Amino acid sequence: ETFNNNTQPNLLTRTPSQSTNFCTMAPRARSPSFQQGHISSFDLPPVISEDALVKEAARELNILKESNTEKLFPPACLMMVRRTIAGNGKCLDCGCHAPDWATPTYGALLCINCSGRHRGFGVQTSFVRSLTMDTWTHSQVLAMLEGGNEQFEIFLKRHSMLPEACYKTKAAKFYRVNLRRHVDKVGELETYEGRDASRRAAA
């Protein structure tokens with residue numbers, strides 16, 4: 001089951017034993033400081049074309065992948081997560097504006113208060129990171145690029161669930177397992193080319 005920006009998959013229409021494609025459910029800026037592990041979104045211009053942003057994000061992802069270490073969230077990738085993915089302007093759970101924390105487990109953004117609640121769920125249910133203070137792995141950054149608040153909300157609404165009450169359910173487990181599988185497939189690609197391309201490639 002594949003989909004584009006206008007459609008979302010109903011992952012629970014299949015059992016976990018069945019094959020599921022998690023094709024979810026989105027002048028070139030340089031950041032020399034990222035190569036030393038010190039990055040800032042101020043390294044990027046305030047206005048940048050979508051193509052240039054994807055290319056810069058791909059460059060950053062390649063650096064992160066080749067380093068095989070954790071680094072601060074790459075600036076172009078961070079710009080994509082905050083500005084180009086639907087629903088990411090507010091906290092997934094409470095709707096607070098401009099969230100600065102995240103759960104790569106679901107590829108979603110959270111406010112600081114809700115991130116504390118997620119820590120109480122345990123890392124197997126929701127792993128929480130700061131977008132600006134913590135270090136991230138290549139796969140965790142990809143999860144944020146391939147996830148999104150609106151995407152997860154649509155999935156939950158199809159099953160009559162609210163985010164704040166869903167995380168211990170079989171539905172949430174099914175979502176996070178298939179997000180991880182999708183991210184693993186995208187991580188095998190030679191170059192990241194954006195959400196649409198990754199969905200086609202992982203289908």
# chains A, B, ... in the order shown; residues from 1 in each chain; ligands from 1

$ closest_atom_pairs --of "region 56-112 of chain A" --to "region 151-165 of chain A" --cutoff "12 Å" --atoms "only C-alpha atoms" --output "Markdown table"
| residue | atom | partner | partner_atom | distance |
| --- | --- | --- | --- | --- |
| A:Ile85 | CA | A:Gln151 | CA | 9.0 |
| A:Ala86 | CA | A:Gln151 | CA | 7.6 |
| A:Gly87 | CA | A:Gln151 | CA | 7.9 |
| A:Asn88 | CA | A:Gln151 | CA | 9.8 |
| A:Lys90 | CA | A:Glu153 | CA | 11.9 |
| A:Cys91 | CA | A:Pro163 | CA | 10.3 |
| A:Leu92 | CA | A:Pro163 | CA | 6.9 |
| A:Asp93 | CA | A:Glu164 | CA | 5.4 |
| A:Cys94 | CA | A:Glu164 | CA | 7.9 |
| A:Gly95 | CA | A:Pro163 | CA | 10.7 |
| A:Thr103 | CA | A:Phe152 | CA | 11.8 |
| A:Pro104 | CA | A:Phe152 | CA | 12.0 |
| A:Thr105 | CA | A:Phe152 | CA | 11.2 |
| A:Tyr106 | CA | A:Phe152 | CA | 7.4 |
| A:Gly107 | CA | A:Phe152 | CA | 8.3 |
| A:Ala108 | CA | A:Phe152 | CA | 7.7 |
| A:Leu109 | CA | A:Phe152 | CA | 10.7 |
| A:Leu110 | CA | A:Pro163 | CA | 11.1 |

$ write_last_selection --atoms "N, CA, C and O atoms" --output "PDB file, in the first residue's frame"
ATOM      1  N   ILE A  85       6.770  19.894   6.869  1.00  0.00           N
ATOM      2  CA  ILE A  85       5.982  18.699   7.184  1.00  0.00           C
ATOM      3  C   ILE A  85       4.701  19.103   7.902  1.00  0.00           C
ATOM      4  O   ILE A  85       4.740  19.779   8.933  1.00  0.00           O
ATOM      5  N   ALA A  86       3.591  18.682   7.367  1.00  0.00           N
ATOM      6  CA  ALA A  86       2.275  19.098   7.859  1.00  0.00           C
ATOM      7  C   ALA A  86       2.069  18.731   9.325  1.00  0.00           C
ATOM      8  O   ALA A  86       2.398  17.622   9.750  1.00  0.00           O
ATOM      9  N   GLY A  87       1.534  19.683  10.080  1.00  0.00           N
ATOM     10  CA  GLY A  87       1.201  19.465  11.475  1.00  0.00           C
ATOM     11  C   GLY A  87       2.323  19.720  12.450  1.00  0.00           C
ATOM     12  O   GLY A  87       2.106  19.707  13.670  1.00  0.00           O
ATOM     13  N   ASN A  88       3.533  19.952  11.961  1.00  0.00           N
ATOM     14  CA  ASN A  88       4.685  20.077  12.849  1.00  0.00           C
ATOM     15  C   ASN A  88       4.836  21.454  13.494  1.00  0.00           C
ATOM     16  O   ASN A  88       5.778  21.692  14.242  1.00  0.00           O
ATOM     17  N   LYS A  90       2.836  22.499  15.713  1.00  0.00           N
ATOM     18  CA  LYS A  90       2.258  22.406  17.049  1.00  0.00           C
ATOM     19  C   LYS A  90       2.589  21.059  17.671  1.00  0.00           C
ATOM     20  O   LYS A  90       2.912  20.096  16.972  1.00  0.00           O
ATOM     21  N   CYS A  91       2.508  21.012  18.987  1.00  0.00           N
ATOM     22  CA  CYS A  91       2.761  19.767  19.709  1.00  0.00           C
ATOM     23  C   CYS A  91       1.718  18.722  19.339  1.00  0.00           C
ATOM     24  O   CYS A  91       0.525  19.020  19.258  1.00  0.00           O
ATOM     25  N   LEU A  92       2.159  17.513  19.112  1.00  0.00           N
ATOM     26  CA  LEU A  92       1.250  16.430  18.741  1.00  0.00           C
ATOM     27  C   LEU A  92       0.174  16.197  19.784  1.00  0.00           C
ATOM     28  O   LEU A  92      -0.996  15.992  19.458  1.00  0.00           O
ATOM     29  N   ASP A  93       0.539  16.255  21.063  1.00  0.00           N
ATOM     30  CA  ASP A  93      -0.390  15.875  22.124  1.00  0.00           C
ATOM     31  C   ASP A  93      -1.287  17.008  22.610  1.00  0.00           C
ATOM     32  O   ASP A  93      -2.476  16.818  22.831  1.00  0.00           O
ATOM     33  N   CYS A  94      -0.720  18.213  22.796  1.00  0.00           N
ATOM     34  CA  CYS A  94      -1.508  19.289  23.412  1.00  0.00           C
ATOM     35  C   CYS A  94      -1.760  20.473  22.491  1.00  0.00           C
ATOM     36  O   CYS A  94      -2.534  21.370  22.832  1.00  0.00           O
ATOM     37  N   GLY A  95      -1.086  20.522  21.333  1.00  0.00           N
ATOM     38  CA  GLY A  95      -1.298  21.611  20.394  1.00  0.00           C
ATOM     39  C   GLY A  95      -0.492  22.860  20.672  1.00  0.00           C
ATOM     40  O   GLY A  95      -0.688  23.883  20.008  1.00  0.00           O
ATOM     41  N   THR A 103       9.683  12.939  19.391  1.00  0.00           N
ATOM     42  CA  THR A 103       9.760  11.500  19.590  1.00  0.00           C
ATOM     43  C   THR A 103      10.020  10.846  18.238  1.00  0.00           C
ATOM     44  O   THR A 103       9.089  10.669  17.438  1.00  0.00           O
ATOM     45  N   PRO A 104      11.271  10.517  17.935  1.00  0.00           N
ATOM     46  CA  PRO A 104      11.566   9.851  16.664  1.00  0.00           C
ATOM     47  C   PRO A 104      10.877   8.498  16.543  1.00  0.00           C
ATOM     48  O   PRO A 104      10.742   7.970  15.441  1.00  0.00           O
ATOM     49  N   THR A 105      10.424   7.944  17.645  1.00  0.00           N
ATOM     50  CA  THR A 105       9.670   6.696  17.620  1.00  0.00           C
ATOM     51  C   THR A 105       8.454   6.819  16.705  1.00  0.00           C
ATOM     52  O   THR A 105       8.078   5.860  16.024  1.00  0.00           O
ATOM     53  N   TYR A 106       7.837   8.009  16.705  1.00  0.00           N
ATOM     54  CA  TYR A 106       6.659   8.261  15.876  1.00  0.00           C
ATOM     55  C   TYR A 106       6.919   9.351  14.830  1.00  0.00           C
ATOM     56  O   TYR A 106       6.009   9.721  14.097  1.00  0.00           O
ATOM     57  N   GLY A 107       8.136   9.870  14.802  1.00  0.00           N
ATOM     58  CA  GLY A 107       8.458  10.940  13.868  1.00  0.00           C
ATOM     59  C   GLY A 107       7.655  12.198  14.123  1.00  0.00           C
ATOM     60  O   GLY A 107       7.278  12.906  13.193  1.00  0.00           O
ATOM     61  N   ALA A 108       7.395  12.508  15.397  1.00  0.00           N
ATOM     62  CA  ALA A 108       6.488  13.603  15.746  1.00  0.00           C
ATOM     63  C   ALA A 108       7.140  14.601  16.692  1.00  0.00           C
ATOM     64  O   ALA A 108       8.066  14.255  17.429  1.00  0.00           O
ATOM     65  N   LEU A 109       6.612  15.835  16.680  1.00  0.00           N
ATOM     66  CA  LEU A 109       7.128  16.903  17.527  1.00  0.00           C
ATOM     67  C   LEU A 109       6.262  17.091  18.768  1.00  0.00           C
ATOM     68  O   LEU A 109       5.035  16.961  18.708  1.00  0.00           O
ATOM     69  N   LEU A 110       6.916  17.436  19.883  1.00  0.00           N
ATOM     70  CA  LEU A 110       6.257  17.610  21.174  1.00  0.00           C
ATOM     71  C   LEU A 110       6.748  18.888  21.845  1.00  0.00           C
ATOM     72  O   LEU A 110       7.861  19.345  21.584  1.00  0.00           O
TER      73      LEU A 110
END

$ select_by_dssp --residues "region 32-165 of chain A" --states "helix (DSSP H, G or I)" --output "MDAnalysis selection string"
chainID A and resid 32:35 41:43 50:67 75:83 112:119 138:146 149:157 163:165

$ residues_around --residues "Cys111 (chain A)" --least-positions-apart "3" --cutoff "6 Å" --atoms "only C-alpha atoms" --output "PyMOL selection string"
chain A and resi 91+99-101+114

$ select_by_dssp --residues "region 77-191 of chain A" --states "strand (DSSP E)" --output "list of chain:residue names"
A:Trp101, A:Ala102, A:Thr103, A:Ala108, A:Leu109, A:Leu110, A:Arg129, A:Ser130, A:Thr135, A:Trp136

$ closest_residue --among "A:Val123, A:Met133, A:Cys96, A:Leu145" --to "Arg83 (chain A)" --atoms "only C-alpha atoms"
A:Leu145

$ closest_residue --among "A:Arg59, A:Cys166, A:Pro75, A:Thr191" --to "Ser126 (chain A)" --atoms "only C-alpha atoms"
A:Cys166

$ closest_residue --among "A:Asn178, A:Asn149, A:Ser130, A:Gln124" --to "Leu78 (chain A)" --atoms "only C-alpha atoms"
A:Ser130

$ closest_residue --among "A:Asp196, A:Asp134, A:Asp51, A:Glu146" --to "Pro74 (chain A)" --atoms "only C-alpha atoms"
A:Asp134

$ closest_residue --among "A:Val186, A:Val54, A:Ala201, A:Ala98" --to "Met80 (chain A)" --atoms "only C-alpha atoms"
A:Val54

$ closest_residue --among "A:Arg176, A:His138, A:Arg129, A:Arg200" --to "Ala57 (chain A)" --atoms "only C-alpha atoms"
A:His138
